[in-house]
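Below is the file final12.txt, which contains compact mmCIF, C-alpha atoms.
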# COMPACT_ATOMS: atom_id res chain seq x y z
CA GLN A 512 5.26 52.68 49.24
CA VAL A 513 6.04 56.31 48.60
CA LEU A 514 3.68 58.97 47.36
CA TRP A 515 4.62 61.00 44.29
CA PHE A 516 3.31 64.50 43.72
CA PRO A 517 3.70 65.60 40.11
CA TRP A 518 5.00 69.15 40.07
CA CYS A 519 1.71 70.63 38.88
CA GLN A 520 -0.24 69.07 41.78
CA GLY A 521 -1.27 71.54 44.47
CA PHE A 522 0.77 74.14 46.33
CA TRP A 523 2.93 71.84 48.43
CA GLY A 524 6.48 72.69 47.37
CA PRO A 525 6.88 75.54 49.87
CA LEU A 526 5.78 73.38 52.78
CA LEU A 527 7.24 70.01 51.94
CA LEU A 528 10.61 71.26 50.74
CA GLY A 529 11.08 74.52 52.58
CA VAL A 530 10.63 73.72 56.23
CA LEU A 531 14.27 74.34 57.11
CA GLY A 532 14.98 77.14 54.68
CA SER A 533 15.83 74.96 51.72
CA PRO A 534 16.44 76.61 48.37
CA ILE A 535 13.69 74.90 46.49
CA ILE A 536 10.46 76.66 47.12
CA GLY A 537 8.29 77.59 44.23
CA GLY A 538 5.20 77.29 42.14
CA PHE A 539 2.71 74.55 42.44
CA GLY A 540 -0.25 76.38 40.96
CA VAL A 541 -1.94 79.59 41.96
CA PRO A 542 -3.21 80.16 45.50
CA PRO A 543 -5.92 82.74 46.11
CA ARG A 544 -4.38 86.09 45.26
CA GLY A 545 -6.26 87.84 48.02
CA VAL A 546 -4.26 85.75 50.48
CA LEU A 547 -0.83 85.36 48.92
CA GLY A 548 -0.82 87.79 46.03
CA SER A 549 0.94 90.80 47.51
CA PRO A 550 4.11 91.44 49.53
CA LEU A 551 3.88 91.91 53.26
CA TRP A 552 6.57 94.57 53.50
CA GLY A 553 7.59 97.78 51.82
CA ARG A 554 10.87 98.80 50.28
CA GLY A 555 13.89 99.37 52.42
CA GLY A 556 14.35 95.96 54.06
CA PRO A 557 17.46 93.85 53.50
CA GLY A 558 17.63 93.02 49.80
CA ALA A 559 14.24 94.53 49.01
CA GLY A 560 14.74 94.01 45.27
CA PRO A 561 15.36 90.25 45.39
CA ALA A 562 12.64 89.82 48.00
CA GLU A 563 10.10 91.49 45.72
CA TYR A 564 11.27 89.30 42.84
CA VAL A 565 10.57 86.25 45.01
CA VAL A 566 7.03 87.50 45.68
CA ARG A 567 6.35 87.75 41.96
CA HIS A 568 7.95 84.46 40.92
CA TRP A 569 7.79 82.03 43.87
CA ARG A 570 5.17 79.94 42.05
CA ASP A 571 7.13 79.69 38.78
CA ASP A 572 8.69 76.34 37.89
CA ALA A 573 11.81 77.99 36.49
CA PHE A 574 12.39 79.99 39.67
CA PHE A 575 11.98 76.84 41.75
CA GLY A 576 14.82 75.20 39.84
CA GLU A 577 16.89 78.37 39.72
CA GLN A 578 17.07 78.49 43.51
CA TYR A 579 19.08 75.26 43.48
CA LEU A 580 21.70 77.07 41.41
CA SER A 581 21.60 80.62 42.76
CA GLY A 582 19.70 80.40 46.05
CA VAL A 583 21.10 80.14 49.56
CA ASN A 584 21.69 76.37 49.46
CA PRO A 585 23.36 75.89 46.07
CA VAL A 586 25.27 72.71 46.96
CA LEU A 587 22.43 70.19 47.34
CA LEU A 588 21.70 69.39 43.70
CA ARG A 589 23.31 66.32 42.18
CA ARG A 590 23.01 64.51 38.87
CA CYS A 591 20.83 61.39 38.91
CA PRO A 592 22.37 58.64 36.76
CA ARG A 593 19.26 56.44 36.80
CA LEU A 594 15.69 56.50 38.00
CA THR A 595 15.54 53.22 39.90
CA GLY A 596 15.83 54.83 43.31
CA VAL A 597 18.22 56.41 45.79
CA PRO A 598 20.25 54.31 48.25
CA GLY A 599 18.49 54.17 51.58
CA ARG A 600 15.35 55.87 50.22
CA GLY A 601 13.59 52.92 48.62
CA SER A 602 12.37 52.48 45.08
CA TRP A 603 10.30 55.14 43.39
CA CYS A 604 7.02 53.30 43.10
CA GLY A 605 4.51 55.00 40.86
CA GLY A 606 7.06 57.63 39.95
CA PRO A 607 8.29 58.99 36.63
CA THR A 608 9.12 56.41 34.01
CA VAL A 609 11.36 58.63 31.89
CA ALA A 610 14.94 57.46 31.57
CA ALA A 611 17.71 59.71 32.85
CA GLN A 612 19.22 59.90 29.37
CA GLY A 613 21.87 62.44 28.59
CA GLY A 614 22.37 63.26 32.25
CA ARG A 615 19.47 65.73 32.29
CA VAL A 616 17.78 64.47 35.47
CA PHE A 617 18.89 65.80 38.86
CA VAL A 618 17.88 65.03 42.41
CA ALA A 619 17.68 66.97 45.67
CA ASP A 620 17.47 64.59 48.61
CA TYR A 621 16.43 65.76 52.08
CA ALA A 622 17.02 62.41 53.78
CA LEU A 623 18.63 64.09 56.79
CA LEU A 624 15.19 65.36 57.81
CA GLU A 625 13.62 61.90 58.01
CA GLY A 626 12.28 61.09 61.45
CA LEU A 627 13.46 64.27 63.17
CA PRO A 628 11.49 65.11 66.30
CA THR A 629 9.13 68.07 65.90
CA GLY A 630 7.96 70.61 68.44
CA ARG A 631 4.96 72.73 69.28
CA ILE A 632 4.38 76.39 68.48
CA GLY A 633 1.58 78.17 70.28
CA ASP A 634 0.36 74.83 71.69
CA GLU A 635 -0.04 73.49 68.14
CA PRO A 636 1.93 70.41 67.00
CA GLN A 637 4.23 71.10 64.05
CA PHE A 638 5.20 68.86 61.14
CA THR A 639 7.98 68.43 58.64
CA ALA A 640 8.79 66.12 55.72
CA ALA A 641 11.84 64.39 54.25
CA PRO A 642 11.22 64.94 50.54
CA LEU A 643 13.07 63.83 47.47
CA CYS A 644 12.76 66.14 44.47
CA LEU A 645 13.47 65.32 40.84
CA LEU A 646 14.36 68.08 38.39
CA TRP A 647 14.98 68.05 34.64
CA LEU A 648 17.39 70.20 32.66
CA SER A 649 15.49 71.32 29.57
CA PRO A 650 17.17 71.73 26.16
CA ALA A 651 16.78 75.48 26.71
CA GLY A 652 19.02 75.21 29.78
CA ARG A 653 16.31 75.68 32.42
CA LEU A 654 16.22 73.47 35.48
CA LEU A 655 12.57 72.46 35.94
CA PRO A 656 10.89 70.32 38.63
CA LEU A 657 9.47 66.92 37.70
CA ALA A 658 8.07 65.46 40.90
CA ILE A 659 8.39 65.24 44.66
CA GLN A 660 8.55 62.02 46.63
CA LEU A 661 7.25 62.06 50.21
CA LEU A 662 7.86 59.59 53.05
CA LEU A 663 5.15 59.90 55.51
CA PRO A 664 6.32 58.92 58.94
CA HIS A 665 37.95 83.54 62.11
CA SER A 666 36.98 84.63 64.27
CA ARG A 667 36.26 88.17 65.26
CA TYR A 668 32.78 88.33 66.76
CA THR A 669 32.54 84.53 66.43
CA PHE A 670 32.55 83.82 70.16
CA HIS A 671 29.97 86.55 70.65
CA ILE A 672 27.79 85.11 67.88
CA ASN A 673 28.07 81.61 69.34
CA ILE A 674 27.06 82.87 72.77
CA LEU A 675 24.07 84.69 71.30
CA ALA A 676 23.08 81.54 69.37
CA ARG A 677 23.10 79.45 72.54
CA ASP A 678 21.29 82.15 74.50
CA LYS A 679 18.66 83.28 71.97
CA LEU A 680 18.55 80.79 69.09
CA LEU A 681 19.10 77.26 70.37
CA ASN A 682 18.01 77.77 73.96
CA PRO A 683 14.82 76.01 75.09
CA GLY A 684 11.94 78.23 74.01
CA GLY A 685 14.21 80.28 71.73
CA ILE A 686 13.73 81.29 68.11
CA ILE A 687 14.30 77.78 66.75
CA ASP A 688 11.51 76.49 69.00
CA GLN A 689 9.29 79.42 68.01
CA ALA A 690 9.81 79.31 64.24
CA SER A 691 10.90 75.82 63.16
CA ALA A 692 8.96 72.57 62.93
CA ILE A 693 11.77 70.48 64.38
CA GLY A 694 12.55 72.87 67.22
CA ARG A 695 15.70 72.82 69.32
CA GLU A 696 15.86 69.05 69.85
CA GLY A 697 15.36 68.30 66.19
CA ALA A 698 17.93 70.93 65.18
CA LEU A 699 20.56 69.40 67.44
CA GLU A 700 19.87 65.95 66.02
CA LEU A 701 20.03 67.35 62.49
CA VAL A 702 23.46 68.86 63.20
CA ALA A 703 24.63 65.50 64.56
CA ARG A 704 23.42 63.71 61.42
CA ALA A 705 25.04 66.27 59.15
CA THR A 706 28.34 65.98 61.02
CA ALA A 707 28.29 62.20 60.69
CA ALA A 708 27.63 62.47 56.94
CA LEU A 709 30.18 65.24 56.27
CA THR A 710 32.98 64.51 53.80
CA TYR A 711 36.15 66.35 52.90
CA ALA A 712 35.24 66.29 49.21
CA GLU A 713 32.02 68.27 49.70
CA LEU A 714 33.97 71.07 51.38
CA CYS A 715 36.43 71.41 48.47
CA VAL A 716 34.66 73.21 45.62
CA PRO A 717 36.26 71.46 42.59
CA ASP A 718 35.76 68.03 44.16
CA ASP A 719 32.21 68.87 45.20
CA ILE A 720 31.22 70.04 41.71
CA GLU A 721 32.59 66.84 40.22
CA ARG A 722 31.03 64.46 42.75
CA ARG A 723 27.59 66.04 42.30
CA GLY A 724 27.84 65.90 38.49
CA VAL A 725 26.89 69.55 37.95
CA ALA A 726 29.92 70.84 36.05
CA ASP A 727 27.94 71.48 32.86
CA VAL A 728 24.62 72.78 34.26
CA PRO A 729 23.99 76.17 32.63
CA ASN A 730 23.27 79.33 34.63
CA TYR A 731 24.78 77.84 37.78
CA HIS A 732 26.11 81.12 39.12
CA TYR A 733 27.23 79.74 42.47
CA ARG A 734 29.43 77.14 40.76
CA ASP A 735 30.99 79.63 38.35
CA ASP A 736 31.78 82.22 41.02
CA ALA A 737 32.85 79.69 43.65
CA LEU A 738 35.35 77.98 41.34
CA GLU A 739 36.96 81.30 40.45
CA ILE A 740 37.20 82.43 44.05
CA TRP A 741 38.56 79.02 45.08
CA GLY A 742 41.25 79.41 42.42
CA ALA A 743 42.18 82.89 43.63
CA ILE A 744 42.44 81.74 47.25
CA GLU A 745 44.42 78.66 46.22
CA SER A 746 46.90 80.80 44.31
CA PHE A 747 47.37 83.05 47.30
CA VAL A 748 47.83 80.09 49.66
CA GLU A 749 50.38 78.47 47.35
CA GLY A 750 52.49 81.61 47.52
CA ILE A 751 52.36 81.83 51.29
CA VAL A 752 53.02 78.10 51.80
CA GLY A 753 56.00 78.32 49.45
CA LEU A 754 57.58 80.98 51.65
CA TYR A 755 57.60 78.75 54.72
CA TYR A 756 57.65 75.17 53.45
CA HIS A 757 60.25 74.55 50.75
CA GLU A 758 59.89 70.76 50.61
CA ASP A 759 57.18 68.22 51.36
CA SER A 760 59.33 67.03 54.25
CA ASP A 761 59.00 70.48 55.85
CA VAL A 762 55.26 69.89 56.06
CA VAL A 763 55.65 66.38 57.45
CA ASP A 764 58.18 67.52 60.07
CA ASP A 765 56.14 70.45 61.43
CA PRO A 766 54.75 69.08 64.72
CA GLU A 767 52.50 72.06 65.46
CA LEU A 768 50.92 71.86 61.99
CA GLN A 769 50.36 68.12 62.28
CA ASP A 770 48.86 68.48 65.77
CA TRP A 771 46.46 71.14 64.44
CA VAL A 772 45.32 68.95 61.55
CA GLY A 773 44.99 65.96 63.86
CA GLU A 774 42.89 67.98 66.29
CA ILE A 775 40.50 68.98 63.50
CA PHE A 776 40.22 65.36 62.41
CA THR A 777 39.57 64.20 65.97
CA TYR A 778 37.13 66.84 67.16
CA ALA A 779 35.55 68.31 64.01
CA VAL A 780 34.74 65.06 62.19
CA LEU A 781 35.02 62.85 65.28
CA GLY A 782 37.83 60.75 63.83
CA ASN A 783 35.63 59.47 61.00
CA GLU A 784 38.02 57.93 58.48
CA LYS A 785 35.22 57.50 55.94
CA SER A 786 34.87 61.28 55.79
CA GLY A 787 38.07 61.55 53.77
CA PHE A 788 39.41 64.27 56.09
CA PRO A 789 43.17 64.06 56.49
CA ALA A 790 44.49 63.10 59.91
CA LYS A 791 47.90 64.39 58.83
CA LEU A 792 49.37 66.24 55.87
CA CYS A 793 52.22 64.72 53.88
CA SER A 794 52.94 67.28 51.15
CA ARG A 795 52.75 70.94 50.24
CA PRO A 796 49.83 70.42 47.80
CA GLU A 797 47.87 68.72 50.58
CA LEU A 798 48.53 71.67 52.86
CA VAL A 799 47.53 74.16 50.16
CA LYS A 800 44.23 72.35 49.57
CA PHE A 801 43.48 72.11 53.30
CA LEU A 802 44.13 75.79 53.93
CA THR A 803 42.21 76.83 50.81
CA MET A 804 39.23 74.80 52.01
CA ILE A 805 39.24 76.48 55.40
CA ILE A 806 39.58 80.01 54.03
CA PHE A 807 36.86 79.44 51.42
CA ARG A 808 34.41 77.92 53.91
CA CYS A 809 34.97 80.72 56.42
CA SER A 810 34.42 83.50 53.91
CA ALA A 811 32.92 82.79 50.48
CA GLN A 812 30.80 79.77 51.37
CA HIS A 813 29.39 81.55 54.41
CA ALA A 814 28.40 84.46 52.19
CA ALA A 815 26.76 82.11 49.68
CA VAL A 816 24.51 80.43 52.24
CA ASN A 817 23.94 83.33 54.64
CA SER A 818 23.72 86.64 52.83
CA GLY A 819 20.65 85.86 50.73
CA GLN A 820 18.44 84.42 53.43
CA TYR A 821 16.20 87.45 53.83
CA ASP A 822 16.07 87.96 50.06
CA PHE A 823 14.69 84.48 49.40
CA TYR A 824 12.85 83.73 52.62
CA ALA A 825 11.19 87.00 53.64
CA TRP A 826 8.22 86.00 51.48
CA MET A 827 7.08 83.22 53.77
CA PRO A 828 5.30 81.00 51.18
CA ASN A 829 8.64 80.66 49.38
CA SER A 830 10.24 79.04 52.41
CA PRO A 831 8.03 78.37 55.43
CA GLY A 832 9.82 77.37 58.60
CA THR A 833 7.22 74.87 59.74
CA MET A 834 3.96 73.08 58.85
CA ARG A 835 0.84 73.18 60.99
CA CYS A 836 -0.54 70.03 59.35
CA PRO A 837 1.22 66.85 58.24
CA PRO A 838 1.90 66.26 54.53
CA PRO A 839 -1.14 65.10 52.55
CA ARG A 840 -1.65 61.34 52.31
CA SER A 841 -3.29 61.49 48.90
CA LYS A 842 -3.19 63.78 45.89
CA ALA A 843 -6.83 64.64 46.46
CA GLY A 844 -5.84 66.16 49.79
CA ALA A 845 -3.41 68.64 48.21
CA THR A 846 -5.91 71.49 47.87
CA ALA A 847 -5.67 75.25 48.22
CA GLU A 848 -7.60 75.05 51.48
CA SER A 849 -5.32 72.44 53.02
CA PHE A 850 -2.30 74.39 51.80
CA LEU A 851 -3.46 77.52 53.61
CA ALA A 852 -4.23 75.54 56.75
CA THR A 853 -0.69 74.14 56.71
CA LEU A 854 1.12 77.49 56.46
CA PRO A 855 2.92 78.67 59.62
CA SER A 856 1.11 80.88 62.11
CA PRO A 857 1.76 84.64 62.09
CA ALA A 858 3.72 84.27 65.33
CA ALA A 859 6.03 81.62 63.86
CA THR A 860 6.46 83.65 60.67
CA GLY A 861 7.30 86.77 62.67
CA ALA A 862 9.92 84.94 64.72
CA LEU A 863 11.58 83.63 61.57
CA LEU A 864 11.54 87.04 59.85
CA ALA A 865 13.14 88.62 62.90
CA LEU A 866 15.96 86.09 62.72
CA LEU A 867 16.44 86.46 58.97
CA SER A 868 16.57 90.24 59.16
CA VAL A 869 19.41 90.01 61.68
CA VAL A 870 21.57 87.37 60.02
CA SER A 871 21.28 88.95 56.56
CA TYR A 872 22.59 92.38 57.55
CA GLU A 873 26.27 93.14 57.10
CA ALA A 874 28.57 93.18 60.09
CA GLY A 875 29.32 96.54 61.68
CA GLU A 876 33.01 96.62 60.76
CA ARG A 877 32.92 94.85 57.45
CA VAL A 878 36.08 93.56 55.76
CA SER A 879 35.50 92.19 52.26
CA ARG A 880 37.23 89.20 50.71
CA GLY A 881 40.61 90.46 49.55
CA GLY A 882 40.68 93.28 52.05
CA SER A 883 42.65 93.28 55.28
CA PRO A 884 42.18 95.37 58.40
CA PRO A 885 43.08 97.99 59.18
CA SER A 886 45.43 99.17 56.39
CA PRO A 887 46.67 97.09 53.41
CA PRO A 888 50.37 96.73 52.55
CA ARG A 889 51.73 99.38 50.20
CA ASP A 890 54.32 97.19 48.52
CA SER A 891 52.92 96.16 45.12
CA ASN A 892 55.09 93.03 45.21
CA CYS A 893 53.59 91.71 48.44
CA PRO A 894 52.01 88.22 48.29
CA GLN A 895 48.54 89.68 48.82
CA CYS A 896 48.56 91.98 45.78
CA PRO A 897 48.17 89.48 42.88
CA PRO A 898 45.22 87.69 44.54
CA ARG A 899 43.60 91.06 45.21
CA ARG A 900 43.89 91.98 41.55
CA ARG A 901 42.47 88.58 40.59
CA LEU A 902 39.56 89.02 42.98
CA ALA A 903 38.94 92.48 41.56
CA ARG A 904 38.68 90.97 38.05
CA ILE A 905 36.24 88.36 39.36
CA SER A 906 34.19 91.11 40.95
CA ARG A 907 33.97 93.06 37.70
CA ARG A 908 32.88 89.94 35.80
CA VAL A 909 30.22 89.13 38.38
CA GLN A 910 28.87 92.66 38.27
CA ARG A 911 28.74 92.67 34.45
CA ARG A 912 26.84 89.37 34.47
CA ASN A 913 24.46 90.50 37.17
CA ALA A 914 23.62 93.67 35.25
CA ALA A 915 22.02 91.48 32.57
CA LEU A 916 20.12 89.14 34.92
CA PRO A 917 16.49 89.65 35.99
CA LEU A 918 17.52 88.34 39.41
CA PRO A 919 21.21 89.05 40.10
CA TYR A 920 23.39 86.65 42.06
CA PRO A 921 25.61 89.01 44.10
CA TYR A 922 26.46 86.78 47.04
CA LEU A 923 29.84 85.62 45.70
CA ASP A 924 30.96 88.99 44.39
CA PRO A 925 34.34 89.30 46.17
CA ALA A 926 33.50 92.92 46.95
CA ALA A 927 30.47 91.70 48.93
CA ILE A 928 32.01 88.70 50.73
CA GLU A 929 32.76 89.24 54.39
CA ASN A 930 36.25 88.09 55.29
CA SER A 931 34.92 85.99 58.17
CA ILE A 932 31.78 84.22 59.33
CA ALA A 933 30.67 87.28 61.28
CA ILE A 934 27.09 88.51 60.96
For the file at hand, write its structure as structure tokens.
Amino acid sequence: QVLWFPWCQGFWGPLLLGVLGSPIIGGFGVPPRGVLGSPLWGRGGPGAGPAEYVVRHWRDDAFFGEQYLSGVNPVLLRRCPRLTGVPGRGSWCGGPTVAAQGGRVFVADYALLEGLPTGRIGDEPQFTAAPLCLLWLSPAGRLLPLAIQLLLPHSRYTFHINILARDKLLNPGGIIDQASAIGREGALELVARATAALTYAELCVPDDIERRGVADVPNYHYRDDALEIWGAIESFVEGIVGLYYHEDSDVVDDPELQDWVGEIFTYAVLGNEKSGFPAKLCSRPELVKFLTMIIFRCSAQHAAVNSGQYDFYAWMPNSPGTMRCPPPRSKAGATAESFLATLPSPAATGALLALLSVVSYEAGERVSRGGSPPSPPRDSNCPQCPPRRRLARISRRVQRRNAALPLPYPYLDPAAIENSIAI
């Protein structure tokens, strides 16, 4: 049997749903203001404005739901067609009885976290959860939480970044061990699970939006911006592919191209045919889609999930990295006192903040999406020019929209997207 926590019960959203920097941390009531009522930093840090907004609103239901749409993990939410349960997660005993009529109920499932090994920080055992969160889209267009179900059991600088990650982040005793409940061993297992579950459709923005059933969710800024940028990249790729491959047979007969695609299928998704990844490409449209996916993931998607981390997570209660106590076993145990006892230690919080402050800063020699180092072509008829103009229009639209928002969503403004996965 699973335990349901109605959204208004306790303060447990930050701990149960935010252990690995998920986007869904927010208000379960009001903790003592003397403890959590003021920011722990001054102005001048990365994204100080958004971070201060998080401090003021982290306990608000609407902000909780908004982070699924405009936070740093905006691709988890999916429409829930019925409320009988989720495959592999059991039935929802004692849960909501409302019907998912009109497609207004959505789910965020953290099944990948179930059973991960956890570590110790400062000689204290750490804990995590594998929650399932239900949200409801109100007639006013606001995504609001309903309940949480708990189970109780390119590459410039890329090599350098990878070396640093192995040496400082994922090494035994490194930052992951210092700041995260699951530690290094759990993180490696989580990556393995995610790789096994990865599909081609979830990496292609139009397909991903459709499969998750979120095409008509209002105020979904990630979706709106991502679809436009995907379209701009796709248009650019079509032009370049057309210069070199005049027929589908040209794609089929290119041995180096086919070897490259086959290598990705073999080593990136481990030859998993169920993933939907192509093992070979048979037409120009297939090549255009494959290249568009790679360019988008290595630029825009990286910006969407990386650039806002400090903004949303610097206020620790909005996204704690670990839990010092296990999840409550009864609703009576979800008290303000137990919530405070479960928050990460100052040492763990400091380690996480140090990491976030580094990964959220811009790279030293930044090249934005649509730019090209070191000097752009001067010919106005070059293949790069129309996509640049299209990206510039997208940027202006994003900036106009953001000017009217209490919390802007700037992470997919083409002018702010790094043209790589560099940090």
* Using only C-alpha atoms: which of A:Gly861, A:Pro839, A:Gly613, A:Pro717 has the shortest distance to Glu739 of chain A ->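 Under the stated criterion, the closest residue is A:Pro717.
Straight-line separation from atom CA of Val716 of chain A to atom CA of Gly614 of chain A: 20.7 Å.
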* Asked: Interatomic distance between atom CA of Lys679 of chain A and atom CA of Gly633 of chain A?
  ->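 So the two atoms, atom CA of Lys679 of chain A and atom CA of Gly633 of chain A, lie 17.9 Å apart.
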* Which residue of A:Asp736, A:Asn930, A:Pro837, A:Leu754 approaches Ile905 of chain A most closely, using all atoms listed in the file ->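 The shortest atom-to-atom distance to Ile905 of chain A comes from A:Asp736.
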* Among listed residues A:Ala862, A:Ala641, A:Val752, A:Val583, nearest Pro921 of chain A (using all atoms listed in the file) ->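 Checking each candidate against Pro921 of chain A, we get A:Val583 as the closest.
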* In file coordinates, which residues lie within 8 Å of (11.5, 70.2, 39.1) using all atoms listed in the file, given as a PyMOL selection string? -> chain A and resi 518+572+575-576+644-647+654-658
* **Best match for closeness to Arg589 of chain A among A:Ile932, A:Val725, A:Leu699, A:Ile674, counting only C-alpha atoms** =>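 Smallest distance to Arg589 of chain A is found for A:Val725.
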* To do: Skip segment 682-697 of chain A itself and residues of its chain fewer than 2 positions away, then list as an MDAnalysis selection string all residues within 8 Å of it, counting all atoms listed in the file.
  => chainID A and resid 530:531 627:632 637:639 676:680 699:701 832:834 858:860 862:863 866
* For each of A:Ala640, A:Ala737, A:Ser810, A:Tyr711, take the minimum atom-to-atom distance to Ala790 of chain A, counting all atoms listed in the file, then give the residue where this is smallest. => A:Tyr711
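Distance check against Tyr824 of chain A using only C-alpha atoms: of A:His757, A:Leu864, A:Thr710, A:Ser794, the minimum falls on A:Leu864.
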* Give me, please, the distance in Å between atom CA of Gln910 of chain A and atom CA of Pro729 of chain A, quoted to one decimal. =>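 For atom CA of Gln910 of chain A relative to atom CA of Pro729 of chain A, the distance reads 18.1 Å.
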* Selection near Ala852 of chain A, 10 Å with all atoms listed in the file, sequence-local residues under 6 positions removed, as a list of chain:residue names -> A:Met834, A:Arg835, A:Cys836, A:Thr846
* **Answer as a list in words, residues within 8 Å of (10.7, 85.1, 44.8) using only C-alpha atoms** =>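 With a cut-off of 8 Å, the residues come to Gly537, Pro561, Ala562, Glu563, Tyr564, Val565, Val566, Arg567, His568, Trp569, Phe574, Phe823, Trp826 and Asn829 of chain A.
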* Residues within 10 Å of Cys715 of chain A, only C-alpha atoms, excluding chain neighbours under 6 positions, as a list in words ->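 Counting only the stated atoms, we get Leu738, Trp741, Lys800, Phe801, Thr803, Met804, Ile805, Phe807 and Arg808 of chain A.
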Go ahead and dump the residues you just picked, C-alpha atoms, as a compact mmCIF listing (two decimals), in the coordinates of the input.
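Produced file out22.txt, reproduced below:
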# COMPACT_ATOMS: atom_id res chain seq x y z
CA LEU A 738 35.35 77.98 41.34
CA TRP A 741 38.56 79.02 45.08
CA LYS A 800 44.23 72.35 49.57
CA PHE A 801 43.48 72.11 53.30
CA THR A 803 42.21 76.83 50.81
CA MET A 804 39.23 74.80 52.01
CA ILE A 805 39.24 76.48 55.40
CA PHE A 807 36.86 79.44 51.42
CA ARG A 808 34.41 77.92 53.91
Model the absent atoms of segment 822-827 of chain A so that all heavy atoms are present, and write the result as a CSV table (one decimal), in the coordinates of the input.
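Wrote selection-v2.csv, looks like this:
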chain,number,residue,atom,x,y,z
A,822,ASP,N,16.5,87.8,51.4
A,822,ASP,CA,16.1,88.0,50.1
A,822,ASP,C,15.1,86.9,49.6
A,822,ASP,O,14.1,87.1,49.0
A,822,ASP,CB,17.3,88.0,49.1
A,822,ASP,CG,18.1,89.2,49.3
A,822,ASP,OD1,17.7,90.2,50.0
A,822,ASP,OD2,19.3,89.2,48.8
A,823,PHE,N,15.5,85.6,49.9
A,823,PHE,CA,14.7,84.5,49.4
A,823,PHE,C,13.6,84.0,50.4
A,823,PHE,O,12.7,83.4,49.9
A,823,PHE,CB,15.6,83.3,49.1
A,823,PHE,CG,16.4,83.5,47.8
A,823,PHE,CD1,17.6,84.1,47.8
A,823,PHE,CD2,15.9,83.1,46.6
A,823,PHE,CE1,18.4,84.3,46.6
A,823,PHE,CE2,16.6,83.3,45.4
A,823,PHE,CZ,17.8,83.9,45.4
A,824,TYR,N,13.7,84.3,51.6
A,824,TYR,CA,12.8,83.7,52.6
A,824,TYR,C,11.9,84.7,53.3
A,824,TYR,O,11.0,84.3,54.1
A,824,TYR,CB,13.7,83.0,53.7
A,824,TYR,CG,14.5,81.9,53.2
A,824,TYR,CD1,15.6,81.4,53.9
A,824,TYR,CD2,14.3,81.3,52.0
A,824,TYR,CE1,16.4,80.4,53.4
A,824,TYR,CE2,15.0,80.3,51.5
A,824,TYR,CZ,16.1,79.8,52.2
A,824,TYR,OH,16.9,78.8,51.8
A,825,ALA,N,12.1,86.0,53.0
A,825,ALA,CA,11.2,87.0,53.6
A,825,ALA,C,9.7,86.8,53.2
A,825,ALA,O,8.8,87.0,54.0
A,825,ALA,CB,11.7,88.4,53.3
A,826,TRP,N,9.6,86.4,52.0
A,826,TRP,CA,8.2,86.0,51.5
A,826,TRP,C,7.9,84.6,52.0
A,826,TRP,O,8.4,83.6,51.4
A,826,TRP,CB,8.1,86.1,50.0
A,826,TRP,CG,6.8,85.7,49.4
A,826,TRP,CD1,6.7,84.8,48.4
A,826,TRP,CD2,5.5,86.2,49.6
A,826,TRP,NE1,5.4,84.6,48.1
A,826,TRP,CE2,4.6,85.5,48.8
A,826,TRP,CE3,5.0,87.2,50.5
A,826,TRP,CZ2,3.3,85.8,48.8
A,826,TRP,CZ3,3.7,87.5,50.5
A,826,TRP,CH2,2.8,86.8,49.7
A,827,MET,N,7.2,84.5,53.1
A,827,MET,CA,7.1,83.2,53.8
A,827,MET,C,6.6,82.0,52.9
A,827,MET,O,7.2,80.9,53.1
A,827,MET,CB,6.1,83.4,55.0
A,827,MET,CG,5.9,82.2,55.8
A,827,MET,SD,4.5,81.2,55.2
A,827,MET,CE,3.1,82.3,55.5
